[in-house]
Amino acid sequence: MKKQIPKGLYAITAENFSNGKDNISVVKEMLDAGIKILQYRDKYKTKLEKFKQCEIIRRLTLDYNVFFIINDDIDIALSIQSEGIHLGQDDLPLAKARGIAGPDITIGISTHLPKQALLAAEHGADYIGVGPIYKTFTKDNVVDPVGLGYLDFCVKNINIPKVAIGGIKFSNLLEIYRYNPENICMVTEITASENIEFTVKKVKEAMNDYC
Ligand SMILES: Cc1ncc(COP(=O)(O)OP(=O)(O)O)c(N)n1
Ligand SMILES: Cc1ncsc1CCOP(=O)(O)O
Ligand SMILES: [Mg+2]
């Protein structure tokens, strides 16, 4: 049975923006702080290195009852039985991914344009990424910011969960929050924070996210 992605704050790993800490220690801090949706994303490690970290994080996310999503690597997602995978416009097409991964895994698709959002929803995505809303330095080769107009379109026209992402900080959180997407994603605002617990609690409180 497919689990529904919870609403609220969505966190992503970023080892190169983690003040010298590795993904595992940052994830432990995130889970202790109350993160309930976590994506493993690492663009620099080998498959084996990613797999080993994901195996450890899978055990932690089960202990903490956290919804765990793997970026890009369907094979890792299937072998550790994560709740979800996240794919971009240049990754494996949604239908092929669904064929491999089956009906019970959550598939999230990055979108930057109305047409992409409509197609993702029509073809059975379980949520869409909406972004980057603002300029971000966290992702290489990122498309130009899509702005709040695109978030507004998605909230009004797409009936699967919307995950707003890209350049979102505590300082601009309420600009996003007022559009009422189901999820708001922060990467470096959390991973690079000197006090992850304080930052996560502050953000969750501002979002009325008490899970
Ligand atoms: C929630 C969420 N939204 C968007 C992305 C970006 O995915 P993608 O376009 O495949 O780029 P990479 O993350 O693989 O560099 C995401 N990971 N998560
Ligand atoms: C992975 C990804 N996809 C679109 S923007 C982004 C990174 C967002 O990172 P940050 O929250 O640090 O701007
Ligand atoms: Mg990708």
# chains A, B, ... in the order shown; residues from 1 in each chain; ligands from 1

$ residues_near_ligand --ligand "ligand 2" --cutoff "7 Å" --atoms "only C-alpha atoms and all ligand atoms" --output "list in words"
Gly131, Pro132, Lys135, Thr136, Phe137, Thr138, Lys139, Val142, Ile165, Gly166, Gly167, Ile168, Cys185, Met186, Val187, Thr188 and Glu189 of chain A

$ residues_near_ligand --ligand "ligand 1" --cutoff "6 Å" --atoms "only C-alpha atoms and all ligand atoms" --output "JSON, numbers by chain"
{"A": [71, 72, 87, 88, 89, 110, 129, 139, 163, 165]}

$ write_last_selection --atoms "C-alpha atoms" --output "CSV table (one decimal), in the first residue's frame"
chain,number,residue,atom,x,y,z
A,71,ASN,CA,16.9,11.4,-5.5
A,72,ASP,CA,17.7,10.0,-9.0
A,87,LEU,CA,13.1,12.4,-10.6
A,88,GLY,CA,13.8,15.5,-12.7
A,89,GLN,CA,12.9,16.4,-16.3
A,110,SER,CA,10.5,18.3,-10.7
A,129,GLY,CA,8.5,19.9,-7.2
A,139,LYS,CA,22.2,23.0,-7.5
A,163,VAL,CA,6.6,20.9,-3.0
A,165,ILE,CA,11.7,24.5,-3.6

$ closest_residue --among "A:Ile133, A:Ile76, A:Leu119, A:Ile109" --to "ligand 3" --atoms "only C-alpha atoms and all ligand atoms"
A:Ile109

$ closest_residue --among "A:Gly99, A:Gly147, A:Pro6, A:Gly34" --to "Val203 (chain A)" --atoms "only C-alpha atoms"
A:Gly34

$ residues_around --residues "Tyr10 (chain A)" --least-positions-apart "4" --cutoff "8 Å" --atoms "only C-alpha atoms" --output "PyMOL selection string"
chain A and resi 35-39+163+183-186

$ write_last_selection --atoms "C-alpha atoms" --output "PDB file, in the first residue's frame"
ATOM      1  CA  ILE A  35      12.039  16.538  10.172  1.00  0.00           C
ATOM      2  CA  LYS A  36       9.345  14.155   8.860  1.00  0.00           C
ATOM      3  CA  ILE A  37      10.141  14.170   5.122  1.00  0.00           C
ATOM      4  CA  LEU A  38      13.700  13.659   3.991  1.00  0.00           C
ATOM      5  CA  GLN A  39      15.259  13.330   0.534  1.00  0.00           C
ATOM      6  CA  VAL A 163       6.617  20.933  -3.010  1.00  0.00           C
ATOM      7  CA  ASN A 183       5.137  21.127   1.317  1.00  0.00           C
ATOM      8  CA  ILE A 184       7.952  23.630   1.537  1.00  0.00           C
ATOM      9  CA  CYS A 185      11.485  22.395   0.931  1.00  0.00           C
ATOM     10  CA  MET A 186      14.624  23.921   2.384  1.00  0.00           C
TER      11      MET A 186
END

$ select_by_dssp --residues "region 105-161 of chain A" --states "strand (DSSP E)" --output "list in words"
Thr106, Ile107, Gly108, Ile109, Ser110, Thr111, Tyr127, Ile128, Gly129 and Val130 of chain A

$ closest_atom_pairs --of "region 64-84 of chain A" --to "region 21-28 of chain A" --cutoff "12 Å" --atoms "only C-alpha atoms" --output "tab-separated table"
residue	atom	partner	partner_atom	distance
A:Tyr64	CA	A:Lys28	CA	9.9
A:Val66	CA	A:Val27	CA	11.0
A:Phe68	CA	A:Val27	CA	11.2

$ residues_around --residues "region 45-48 of chain A" --least-positions-apart "4" --cutoff "9 Å" --atoms "only C-alpha atoms" --output "short mmCIF file (atom, residue, chain, number, x, y, z; two decimals) with N, CA and C atoms, in the first residue's frame"
data_model
loop_
_atom_site.label_atom_id
_atom_site.label_comp_id
_atom_site.auth_asym_id
_atom_site.auth_seq_id
_atom_site.Cartn_x
_atom_site.Cartn_y
_atom_site.Cartn_z
N LYS A 52 25.56 2.93 0.69
CA LYS A 52 25.91 2.69 2.10
C LYS A 52 25.30 3.76 3.01
N GLN A 53 25.34 5.01 2.57
CA GLN A 53 24.72 6.06 3.40
C GLN A 53 23.20 5.86 3.46
N ASP A 73 18.27 7.79 -7.95
CA ASP A 73 18.67 6.38 -8.04
C ASP A 73 17.53 5.42 -7.67
N ILE A 76 18.70 2.22 -5.86
CA ILE A 76 18.94 2.35 -4.41
C ILE A 76 17.60 2.41 -3.67
#

$ closest_residue --among "A:Thr106, A:Ser79, A:Ser18, A:Asn141" --to "ligand 3" --atoms "only C-alpha atoms and all ligand atoms"
A:Asn141

$ residues_around --residues "region 156-161 of chain A" --least-positions-apart "4" --cutoff "8 Å" --atoms "only C-alpha atoms" --output "PyMOL selection string"
chain A and resi 117-118+121+125-128+152+181-183

$ closest_residue --among "A:Gly8, A:Pro93, A:Gly149, A:Gly20" --to "His112 (chain A)" --atoms "only C-alpha atoms"
A:Gly149

$ atom_distance --atom1 "CA of Val200 (chain A)" --atom2 "CA of Glu49 (chain A)"
27.0 Å

$ select_by_dssp --residues "region 55-180 of chain A" --states "alpha helix (DSSP H)" --output "ChimeraX atom specification"
/A:55-63,74-80,94-101,114-122,147-157,173-177

$ residues_around --residues "Thr199 (chain A)" --least-positions-apart "2" --cutoff "12 Å" --atoms "only C-alpha atoms" --output "PyMOL selection string"
chain A and resi 9+11+29-30+33-35+169-171+186-197+201-206
